[in-house]
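Text of protein.txt, listed as compact mmCIF, C-alpha atoms:
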# COMPACT_ATOMS: atom_id res chain seq x y z
CA MET S 12 0.00 0.00 0.00
CA LYS S 13 1.25 3.46 -0.86
CA LEU S 14 0.67 6.42 1.45
CA TYR S 15 -0.44 9.81 0.08
CA THR S 16 -0.23 12.40 2.85
CA ARG S 17 -2.24 15.62 2.78
CA LYS S 18 0.94 17.41 1.81
CA ALA S 19 1.67 15.01 -1.05
CA ILE S 20 -1.89 15.51 -2.36
CA GLU S 21 -1.55 19.29 -2.13
CA GLN S 22 1.70 19.07 -4.09
CA GLN S 23 0.22 17.08 -6.99
CA ASP S 24 -0.32 19.24 -10.04
CA GLN S 25 -3.87 20.54 -10.26
CA ARG S 26 -5.19 18.11 -12.89
CA GLN S 27 -3.61 15.12 -11.19
CA ARG S 28 -5.02 16.13 -7.81
CA THR S 29 -8.48 16.69 -9.25
CA ALA S 30 -8.44 13.24 -10.88
CA PHE S 31 -7.07 11.58 -7.75
CA VAL S 32 -9.42 13.13 -5.20
CA ASN S 33 -12.46 12.67 -7.44
CA SER S 34 -11.57 8.95 -7.68
CA ILE S 35 -11.10 8.02 -4.04
CA TRP S 36 -14.73 8.12 -2.88
CA GLY S 37 -15.63 5.04 -4.88
CA PHE S 38 -18.18 4.65 -7.65
CA LYS S 39 -20.67 7.46 -7.91
CA SER S 40 -24.18 8.08 -9.05
CA VAL S 41 -24.10 9.82 -12.42
CA SER S 42 -27.08 11.53 -14.04
CA LEU S 43 -28.23 14.36 -16.26
CA ILE S 44 -29.82 17.37 -14.61
CA GLY S 45 -32.36 19.18 -16.77
CA THR S 46 -33.36 22.79 -16.07
CA GLN S 47 -34.66 25.87 -17.81
CA SER S 48 -34.23 29.59 -17.33
CA ALA S 49 -37.04 32.07 -16.66
CA GLU S 50 -37.04 32.69 -20.44
CA GLY S 51 -37.52 28.99 -21.15
CA LEU S 52 -33.95 28.27 -22.37
CA THR S 53 -33.21 24.63 -21.61
CA ASN S 54 -30.00 23.34 -20.06
CA LEU S 55 -28.68 19.83 -19.48
CA ALA S 56 -25.61 18.97 -17.41
CA ILE S 57 -23.98 15.81 -16.11
CA PHE S 58 -23.58 15.55 -12.33
CA SER S 59 -21.91 12.96 -10.13
CA GLN S 60 -22.43 14.66 -6.79
CA VAL S 61 -26.00 13.59 -6.05
CA VAL S 62 -26.81 12.11 -2.65
CA HIS S 63 -29.87 10.61 -0.98
CA LEU S 64 -30.96 12.71 2.01
CA GLY S 65 -34.09 10.92 3.14
CA ALA S 66 -37.17 8.95 2.10
CA SER S 67 -39.95 10.66 4.11
CA PRO S 68 -40.11 13.21 2.62
CA ALA S 69 -38.10 12.08 -0.40
CA LEU S 70 -35.14 14.50 -0.53
CA VAL S 71 -31.97 14.71 -2.56
CA GLY S 72 -28.80 16.78 -2.20
CA ILE S 73 -26.76 18.07 -5.15
CA ILE S 74 -23.29 19.58 -4.72
CA VAL S 75 -22.81 22.61 -6.96
CA ARG S 76 -19.50 24.34 -7.66
CA PRO S 77 -18.47 27.68 -6.10
CA PRO S 78 -19.80 31.00 -7.46
CA GLU S 79 -16.62 31.76 -9.44
CA ALA S 80 -17.72 29.06 -11.90
CA GLU S 81 -20.47 29.63 -14.46
CA ARG S 82 -23.33 27.64 -13.13
CA HIS S 83 -26.23 27.58 -15.55
CA THR S 84 -27.87 24.62 -13.85
CA TYR S 85 -27.75 26.23 -10.42
CA GLU S 86 -29.06 29.57 -11.68
CA ASN S 87 -31.92 27.82 -13.45
CA MET S 88 -32.79 25.72 -10.39
CA LYS S 89 -33.18 28.88 -8.34
CA ALA S 90 -34.91 30.96 -11.03
CA SER S 91 -37.47 28.32 -12.01
CA GLY S 92 -37.68 26.41 -8.73
CA TRP S 93 -37.36 23.07 -10.54
CA PHE S 94 -34.94 20.48 -11.92
CA THR S 95 -35.02 16.94 -13.24
CA ILE S 96 -32.61 14.04 -12.68
CA ASN S 97 -32.29 11.51 -15.51
CA HIS S 98 -30.37 8.21 -15.46
CA ILE S 99 -27.67 7.52 -18.02
CA SER S 100 -27.34 4.23 -19.89
CA ALA S 101 -24.63 3.07 -22.31
CA ASP S 102 -26.52 4.14 -25.46
CA ILE S 103 -26.33 7.82 -24.46
CA VAL S 104 -23.10 7.92 -22.45
CA GLU S 105 -21.11 9.92 -25.02
CA GLN S 106 -23.87 12.51 -25.35
CA ALA S 107 -24.15 12.66 -21.56
CA HIS S 108 -20.41 13.29 -21.14
CA GLN S 109 -20.49 15.91 -23.91
CA THR S 110 -22.93 18.02 -21.84
CA SER S 111 -19.96 18.88 -19.59
CA ALA S 112 -18.43 21.05 -22.37
CA ARG S 113 -18.61 24.80 -21.69
CA TYR S 114 -21.45 25.80 -23.94
CA LEU S 115 -22.65 29.38 -23.90
CA ARG S 116 -25.58 30.31 -21.73
CA GLU S 117 -27.84 30.72 -24.80
CA GLU S 118 -26.90 27.30 -26.22
CA SER S 119 -28.95 24.28 -25.14
CA GLU S 120 -27.09 21.03 -24.49
CA PHE S 121 -30.22 19.26 -25.76
CA ASN S 122 -29.65 20.73 -29.24
CA LYS S 123 -25.90 20.33 -29.08
CA THR S 124 -25.93 16.66 -28.09
CA GLY S 125 -29.13 15.51 -29.80
CA LEU S 126 -30.80 14.38 -26.59
CA THR S 127 -34.57 14.95 -26.51
CA ALA S 128 -36.36 17.26 -24.06
CA ILE S 129 -39.81 16.16 -22.94
CA TYR S 130 -42.12 17.64 -20.36
CA SER S 131 -44.57 16.57 -17.73
CA THR S 132 -47.44 18.89 -16.79
CA ASN S 133 -46.37 19.07 -13.14
CA VAL S 134 -42.71 19.97 -13.49
CA ASN S 135 -41.21 23.20 -14.79
CA ALA S 136 -38.02 21.63 -16.20
CA PRO S 137 -37.21 19.35 -19.13
CA TYR S 138 -36.76 15.61 -18.81
CA VAL S 139 -34.56 13.54 -21.13
CA ALA S 140 -36.75 11.27 -23.25
CA GLU S 141 -33.98 8.70 -23.78
CA CYS S 142 -33.67 8.01 -20.02
CA ARG S 143 -35.54 5.16 -18.38
CA LEU S 144 -35.64 6.65 -14.89
CA ARG S 145 -36.46 10.35 -14.48
CA ILE S 146 -37.13 12.33 -11.32
CA GLY S 147 -38.86 15.70 -11.11
CA CYS S 148 -37.68 17.82 -8.15
CA ARG S 149 -38.61 21.13 -6.62
CA TYR S 150 -35.75 23.35 -5.41
CA ASP S 151 -36.09 23.44 -1.62
CA GLY S 152 -33.24 25.56 -0.26
CA GLU S 153 -29.50 25.21 0.07
CA HIS S 154 -26.49 25.26 2.39
CA VAL S 155 -23.22 26.94 1.58
CA ILE S 156 -20.25 24.78 2.52
CA THR S 157 -17.99 27.51 3.82
CA GLN S 158 -14.82 25.38 3.64
CA ASN S 159 -14.75 25.72 -0.17
CA ASN S 160 -17.85 27.73 -1.13
CA THR S 161 -19.59 24.83 -2.81
CA VAL S 162 -23.35 24.71 -2.35
CA LEU S 163 -25.52 21.80 -1.25
CA VAL S 164 -28.83 22.25 -3.07
CA ILE S 165 -31.79 20.41 -1.54
CA GLY S 166 -34.44 18.95 -3.86
CA ARG S 167 -37.85 17.55 -2.98
CA VAL S 168 -39.15 14.75 -5.17
CA GLU S 169 -42.42 15.64 -6.88
CA GLU S 170 -42.62 12.69 -9.27
CA VAL S 171 -40.67 9.71 -10.60
CA TRP S 172 -41.03 8.19 -14.06
CA VAL S 173 -39.57 4.72 -14.35
CA ASP S 174 -39.74 1.78 -16.70
CA GLU S 175 -42.24 -0.39 -14.86
CA THR S 176 -40.26 -3.59 -15.37
CA ALA S 177 -37.54 -2.26 -13.06
CA VAL S 178 -39.64 -1.89 -9.88
CA ASP S 179 -39.88 -4.92 -7.61
CA THR S 180 -42.85 -5.51 -5.29
CA ASP S 181 -40.75 -4.57 -2.23
CA GLY S 182 -40.07 -1.10 -3.71
CA PHE S 183 -36.50 -1.85 -4.80
CA VAL S 184 -35.67 -0.50 -8.26
CA ASP S 185 -33.42 -2.89 -10.19
CA LEU S 186 -31.22 -0.39 -12.00
CA GLU S 187 -29.48 -3.10 -14.02
CA ARG S 188 -32.75 -3.86 -15.79
CA ILE S 189 -32.78 -0.31 -17.19
CA GLY S 190 -29.04 -0.15 -17.85
CA THR S 191 -28.21 2.67 -15.42
CA LEU S 192 -24.45 3.33 -15.34
CA THR S 193 -22.13 4.42 -12.57
CA CYS S 194 -19.01 6.59 -12.86
CA SER S 195 -15.64 7.02 -11.20
CA GLY S 196 -13.25 9.92 -11.17
CA LEU S 197 -14.10 12.65 -13.66
CA ASP S 198 -14.49 10.71 -16.88
CA SER S 199 -14.87 6.95 -16.38
CA TYR S 200 -18.19 5.16 -16.94
CA HIS S 201 -19.05 1.64 -15.87
CA SER S 202 -21.84 -0.89 -16.15
CA THR S 203 -22.58 -3.10 -13.16
CA GLN S 204 -23.20 -6.72 -12.31
CA ARG S 205 -25.12 -7.71 -9.19
CA ILE S 206 -23.20 -9.71 -6.61
CA ALA S 207 -26.02 -10.09 -4.09
CA ARG S 208 -28.82 -8.50 -2.14
CA PHE S 209 -28.62 -9.28 1.55
CA SER S 210 -31.35 -9.43 4.20
CA TYR S 211 -31.69 -6.75 6.88
CA ALA S 212 -28.75 -7.36 9.21
CA LYS S 213 -29.36 -8.29 12.86
CA PRO S 214 -26.82 -9.04 15.58
CA ASN S 215 -25.91 -12.73 15.84
CA GLN S 216 -28.01 -13.78 12.83
CA PRO S 217 -26.51 -14.99 9.57
CA LEU S 218 -27.33 -12.93 6.48
CA ILE S 219 -29.57 -14.40 3.82
CA LYS S 220 -29.20 -13.61 0.12
CA ILE S 221 -32.48 -12.23 -1.21
CA MET T 248 -43.01 4.40 -18.22
CA LYS T 249 -44.90 4.41 -14.94
CA LEU T 250 -45.50 7.62 -12.98
CA TYR T 251 -45.06 7.74 -9.21
CA THR T 252 -46.39 11.04 -7.89
CA ARG T 253 -45.26 12.53 -4.57
CA LYS T 254 -48.59 11.43 -3.13
CA ALA T 255 -48.18 7.86 -4.39
CA ILE T 256 -44.70 7.71 -2.84
CA GLU T 257 -46.00 9.06 0.47
CA GLN T 258 -48.69 6.39 0.44
CA GLN T 259 -46.30 3.48 -0.07
CA ASP T 260 -45.78 1.52 3.13
CA GLN T 261 -42.70 2.63 5.01
CA ARG T 262 -40.38 -0.23 4.00
CA GLN T 263 -41.42 -0.03 0.36
CA ARG T 264 -40.92 3.74 0.27
CA THR T 265 -37.51 3.47 1.93
CA ALA T 266 -36.40 0.87 -0.63
CA PHE T 267 -37.84 2.84 -3.55
CA VAL T 268 -36.43 6.25 -2.67
CA ASN T 269 -33.03 4.84 -1.73
CA SER T 270 -32.91 3.19 -5.19
CA ILE T 271 -33.76 6.10 -7.45
CA TRP T 272 -30.53 8.10 -7.18
CA GLY T 273 -28.54 5.50 -9.08
CA PHE T 274 -25.54 3.48 -7.98
CA LYS T 275 -23.83 4.78 -4.88
CA SER T 276 -20.45 4.82 -3.29
CA VAL T 277 -20.36 2.29 -0.46
CA SER T 278 -17.69 2.10 2.21
CA LEU T 279 -16.92 1.28 5.81
CA ILE T 280 -16.45 4.15 8.23
CA GLY T 281 -14.12 3.40 11.13
CA THR T 282 -14.18 5.46 14.33
CA GLN T 283 -13.41 5.19 18.02
CA SER T 284 -14.82 6.71 21.15
CA ALA T 285 -12.90 8.85 23.64
CA GLU T 286 -12.42 5.61 25.64
CA GLY T 287 -10.90 3.88 22.58
CA LEU T 288 -13.89 1.63 21.79
CA THR T 289 -13.82 0.96 18.04
CA ASN T 290 -16.83 1.16 15.72
CA LEU T 291 -17.30 0.21 12.09
CA ALA T 292 -20.37 1.05 10.00
CA ILE T 293 -21.35 0.80 6.34
CA PHE T 294 -22.33 4.08 4.64
CA SER T 295 -23.64 4.83 1.17
CA GLN T 296 -24.16 8.58 1.58
CA VAL T 297 -20.62 9.78 0.94
CA VAL T 298 -20.06 12.61 -1.54
CA HIS T 299 -17.05 14.42 -3.00
CA LEU T 300 -17.07 18.09 -1.98
CA GLY T 301 -13.83 19.35 -3.50
CA ALA T 302 -10.23 18.53 -4.37
CA SER T 303 -8.35 21.61 -3.08
CA PRO T 304 -8.58 21.13 -0.18
CA ALA T 305 -9.70 17.50 -0.42
CA LEU T 306 -13.08 17.41 1.31
CA VAL T 307 -15.82 14.83 1.72
CA GLY T 308 -19.42 15.02 2.91
CA ILE T 309 -21.18 12.24 4.84
CA ILE T 310 -24.92 12.25 5.44
CA VAL T 311 -25.75 11.07 8.96
CA ARG T 312 -29.20 10.17 10.25
CA PRO T 313 -31.28 12.42 12.54
CA PRO T 314 -30.60 12.60 16.29
CA GLU T 315 -33.50 10.25 17.18
CA ALA T 316 -31.37 7.40 15.84
CA GLU T 317 -28.45 5.90 17.75
CA ARG T 318 -25.44 7.21 15.93
CA HIS T 319 -22.25 5.69 17.28
CA THR T 320 -20.25 6.70 14.22
CA TYR T 321 -21.36 10.32 14.42
CA GLU T 322 -20.75 10.57 18.14
CA ASN T 323 -17.26 9.11 17.71
CA MET T 324 -16.43 11.45 14.80
CA LYS T 325 -17.21 14.43 17.00
CA ALA T 326 -15.63 13.09 20.19
CA SER T 327 -12.36 11.99 18.60
CA GLY T 328 -12.26 14.41 15.66
CA TRP T 329 -11.40 11.59 13.23
CA PHE T 330 -12.82 8.90 10.97
CA THR T 331 -11.62 6.56 8.23
CA ILE T 332 -13.29 5.53 4.95
CA ASN T 333 -12.47 2.06 3.65
CA HIS T 334 -13.48 0.57 0.28
CA ILE T 335 -15.44 -2.67 0.13
CA SER T 336 -14.59 -5.53 -2.23
CA ALA T 337 -16.46 -8.79 -2.86
CA ASP T 338 -14.38 -10.84 -0.40
CA ILE T 339 -15.66 -8.80 2.57
CA VAL T 340 -19.11 -7.72 1.35
CA GLU T 341 -21.06 -9.92 3.79
CA GLN T 342 -19.02 -8.70 6.74
CA ALA T 343 -19.46 -5.13 5.53
CA HIS T 344 -23.26 -5.48 5.29
CA GLN T 345 -23.35 -7.14 8.71
CA THR T 346 -21.92 -3.97 10.31
CA SER T 347 -25.36 -2.38 9.74
CA ALA T 348 -26.86 -4.59 12.48
CA ARG T 349 -27.75 -2.71 15.68
CA TYR T 350 -24.92 -3.73 17.92
CA LEU T 351 -24.69 -2.24 21.38
CA ARG T 352 -22.47 0.78 21.94
CA GLU T 353 -19.92 -1.32 23.82
CA GLU T 354 -19.72 -3.96 21.09
CA SER T 355 -17.20 -3.43 18.28
CA GLU T 356 -18.25 -4.37 14.74
CA PHE T 357 -14.61 -5.31 14.15
CA ASN T 358 -14.93 -8.13 16.69
CA LYS T 359 -18.44 -9.06 15.61
CA THR T 360 -17.63 -9.36 11.89
CA GLY T 361 -14.00 -10.49 12.03
CA LEU T 362 -12.67 -7.50 10.10
CA THR T 363 -9.25 -6.29 11.27
CA ALA T 364 -8.55 -2.86 12.77
CA ILE T 365 -5.18 -1.34 11.93
CA TYR T 366 -3.80 2.08 12.74
CA SER T 367 -1.65 4.76 11.22
CA THR T 368 0.33 7.07 13.50
CA ASN T 369 -1.36 10.20 12.11
CA VAL T 370 -5.03 9.25 12.40
CA ASN T 371 -7.04 8.73 15.58
CA ALA T 372 -9.43 6.14 14.12
CA PRO T 373 -9.13 2.52 13.00
CA TYR T 374 -8.67 1.49 9.38
CA VAL T 375 -9.84 -1.85 7.97
CA ALA T 376 -6.80 -3.95 7.06
CA GLU T 377 -8.72 -5.97 4.43
CA CYS T 378 -9.49 -2.84 2.35
CA ARG T 379 -7.26 -1.79 -0.54
CA LEU T 380 -8.16 1.90 -0.44
CA ARG T 381 -8.37 3.68 2.93
CA ILE T 382 -8.78 7.36 3.68
CA GLY T 383 -8.03 9.08 6.98
CA CYS T 384 -10.19 12.16 7.61
CA ARG T 385 -10.40 14.86 10.23
CA TYR T 386 -13.90 15.98 11.30
CA ASP T 387 -14.25 19.55 10.02
CA GLY T 388 -17.72 20.76 10.97
CA GLU T 389 -21.26 19.99 9.88
CA HIS T 390 -24.52 21.39 8.54
CA VAL T 391 -27.94 20.36 9.82
CA ILE T 392 -30.39 19.78 6.98
CA THR T 393 -33.44 21.27 8.58
CA GLN T 394 -35.89 19.63 6.17
CA ASN T 395 -35.38 16.25 7.88
CA ASN T 396 -32.77 16.80 10.62
CA THR T 397 -30.10 14.75 8.89
CA VAL T 398 -26.57 16.09 9.27
CA LEU T 399 -23.96 16.69 6.58
CA VAL T 400 -20.60 16.02 8.24
CA ILE T 401 -17.59 17.55 6.49
CA GLY T 402 -14.31 15.63 6.49
CA ARG T 403 -10.87 16.84 5.48
CA VAL T 404 -8.55 14.25 3.95
CA GLU T 405 -5.36 13.81 5.98
CA GLU T 406 -4.01 10.72 4.20
CA VAL T 407 -4.88 8.06 1.64
CA TRP T 408 -3.55 4.51 1.60
CA VAL T 409 -4.02 2.76 -1.70
CA ASP T 410 -2.72 -0.29 -3.51
CA GLU T 411 -0.11 1.31 -5.72
CA THR T 412 -1.09 -0.69 -8.80
CA ALA T 413 -4.43 1.16 -8.93
CA VAL T 414 -3.08 4.71 -9.40
CA ASP T 415 -2.45 5.88 -12.97
CA THR T 416 0.12 8.55 -13.83
CA ASP T 417 -2.65 11.12 -14.47
CA GLY T 418 -3.91 10.71 -10.89
CA PHE T 419 -6.94 8.57 -11.80
CA VAL T 420 -7.48 5.65 -9.42
CA ASP T 421 -8.69 2.56 -11.27
CA LEU T 422 -11.10 1.15 -8.71
CA GLU T 423 -11.73 -1.99 -10.73
CA ARG T 424 -8.10 -3.05 -10.20
CA ILE T 425 -8.74 -3.16 -6.44
CA GLY T 426 -12.23 -4.65 -6.70
CA THR T 427 -14.14 -1.74 -5.17
CA LEU T 428 -17.91 -2.40 -5.24
CA THR T 429 -20.87 -0.09 -5.69
CA CYS T 430 -24.33 -0.44 -4.14
CA SER T 431 -27.94 0.37 -4.95
CA GLY T 432 -30.94 0.73 -2.72
CA LEU T 433 -30.39 -0.45 0.84
CA ASP T 434 -28.97 -3.91 0.34
CA SER T 435 -27.76 -4.57 -3.21
CA TYR T 436 -24.04 -4.83 -4.06
CA HIS T 437 -22.52 -4.77 -7.54
CA SER T 438 -19.18 -5.15 -9.25
CA THR T 439 -18.43 -2.94 -12.25
CA GLN T 440 -17.07 -3.18 -15.76
CA ARG T 441 -15.54 -0.17 -17.47
CA ILE T 442 -17.33 1.04 -20.61
CA ALA T 443 -14.98 3.94 -21.40
CA ARG T 444 -13.04 6.93 -20.18
CA PHE T 445 -13.69 10.01 -22.29
CA SER T 446 -11.50 13.05 -22.94
CA TYR T 447 -12.33 16.45 -21.43
CA ALA T 448 -15.38 17.65 -23.37
CA LYS T 449 -15.20 20.83 -25.45
CA PRO T 450 -17.92 22.43 -27.58
CA ASN T 451 -17.92 21.23 -31.19
CA GLN T 452 -15.13 18.69 -30.70
CA PRO T 453 -15.68 14.94 -30.83
CA LEU T 454 -14.87 12.99 -27.67
CA ILE T 455 -11.89 10.67 -27.65
CA LYS T 456 -11.79 7.46 -25.60
CA ILE T 457 -8.78 7.53 -23.31

Mind converting the file's structure to C-alpha cells?
Amino acid sequence: MKLYTRKAIEQQDQRQRTAFVNSIWGFKSVSLIGTQSAEGLTNLAIFSQVVHLGASPALVGIIVRPPEAERHTYENMKASGWFTINHISADIVEQAHQTSARYLREESEFNKTGLTAIYSTNVNAPYVAECRLRIGCRYDGEHVITQNNTVLVIGRVEEVWVDETAVDTDGFVDLERIGTLTCSGLDSYHSTQRIARFSYAKPNQPLIKI
Amino acid sequence: MKLYTRKAIEQQDQRQRTAFVNSIWGFKSVSLIGTQSAEGLTNLAIFSQVVHLGASPALVGIIVRPPEAERHTYENMKASGWFTINHISADIVEQAHQTSARYLREESEFNKTGLTAIYSTNVNAPYVAECRLRIGCRYDGEHVITQNNTVLVIGRVEEVWVDETAVDTDGFVDLERIGTLTCSGLDSYHSTQRIARFSYAKPNQPLIKI
C-alpha cells in the first residue's frame, strides 16, 4: 500500500489532484440534470455529486461548484424552482459526457448533443426522453459549505417516471434492468453486475441472500 | 413508463418507500467508516451517503441520520475528531453489510464481523486492514439539513492509503483493479465493468476514448 499524505496531495499538479481526489470516494451516481431559465432556455448537465438525504419526505442533495464558476444549472434551479434528474445508460453515455463542455448560456445542451427534451405537466423543467428513470424535483433551499464555497442544493421529489419492469414488489428499483451506469473519477463510466442483495442485518443472525 | 407522484410515494408503506427512494438516485459509493470513542472503543459502519465536496482542499461530505437514531459513528467522529473511509470488495461484502446490524455501543463491529482494525500514526481512528483503499479524515464541521434533521458532516482528507497498482500517472485511481464495489438501494451490491473513459469535453469537438 502506498501512502499519500495531505501534503503530497496538495503538491500534486492541479489536474492530477483533481483526478485523484475525485476517484477516491468510490463509484458514484451519475445523471443528467435538466433545467430551464425564466425565459424557457433549456439546459442539461452531467452531475456525479448527487446524494440521498431521506425517504420521508423524499429528498436529494446536489453539490454545486463555487460561485466563481459559471453555473447555468444552479441559476436555473433557483430561477425556475425546478430540476429533473435523468439516469444515463450506455446508449447515451457519449452525449451525456459531452454536456460537460462549456457551452454558452444561450446554447442548449439538448440541441448540441441531440438528446430529446420532454415535459410533464407538473414539473417546470425538461426531462430527457432517452432516459428510463427520471425524477422531477422542486428546489427546496440550500447550504453553503464555507470550507470551499460549494453549495448543497436540496431537492424535494415531486414525481418519478420509471420503466415499470424495473420496480420490484418490495419497492427496490433494479437499475441493471434499465441499464443505469455508474461513474468514477471525472471521466470513467461503468456498467454493473449484481453480486447479491442481503437481508436486513441483525446481531448474531446470519445474512440471507435475497 | 410508470409515474409515481409525490402522493403515491407518500402512500407506499414505510419499507417499500424506503427501498424505492433509496434506489432512485442511481448506484452509490459504499464504504466502511471506522471510528473510536474517547475511551478507545472501536466502531465500524457501512455508509452509502458519501459525496465528494472538492479537491483543493480534499473534502468529503457524509450524510448522517437524525438525532433520534443511535449514531455511534457520528458521536465518535465528534468526540475523537477523526474517521476513516475504507473501500469494500467482494471478499468482505457480507461482513461489511453485517456492520449495519444494531450492535450495542460497547460492542465493536470489528470483533463481531471479524474485520481487522489497523492504525496509522497520524489518524485517531481505525482502518480496515482488508481494504485496498483507505482514507483518513479529520472531522471539520457539519450542517444540519433542517428539512429532515439529517446532518452533513464535512471531512478533510489527511491521508490516503491505496494499492499502488491502482493509481495511474494522471492521478486517476482505477477502482476496478482493487475490486471496489458499488451499491444500490439499501442492500444490493454490484461489481463494475468499465465502458470507457472520455477526454475532457469541449464544444464542437468529438470525444476521444482515453

For this session: Kindly provide, as a ChimeraX atom specification, the residues of chain S having any atom no farther than 6 Å from an atom of chain T, counting only C-alpha atoms.
Result: /S:12-17,27,29-32,34,37-40,66,109,112,169-175,181-184,193,198-209,212-214

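Across the model, the gap from CA of Glu118 in chain S to CA of Ala49 in chain S is 14.7 Å.
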
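With all atoms listed in the file as the atoms that count, the minimum distance from Tyr366 in chain T to the choices T:Val400, T:Ala316, T:Asp338, T:Thr289 is reached by T:Thr289.
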
For this session: Using all atoms listed in the file, determine which residues lie at most 9 Å from Ala372 in chain T, disregarding the query and same-chain residues fewer than 3 positions distant; provide the list as a ChimeraX atom specification.
Result: /T:281-284,287,289,324,327-331,365-367,383-384

Problem set entry | Straight-line distance linking CA of Ala343 in chain T with CA of Ala292 in chain T, stated in Å to one decimal | 7.7 Å

Exercise. Quick one: residues within 10 Å of Thr127 in chain S, only C-alpha atoms counted, chain neighbours fewer than 3 positions away excluded, as a PyMOL selection string?
Worked result: chain S and resi 120-122+124+137-142

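In this model, the gap between CA of Asn135 in chain S and CA of Leu52 in chain S comes to 11.7 Å.
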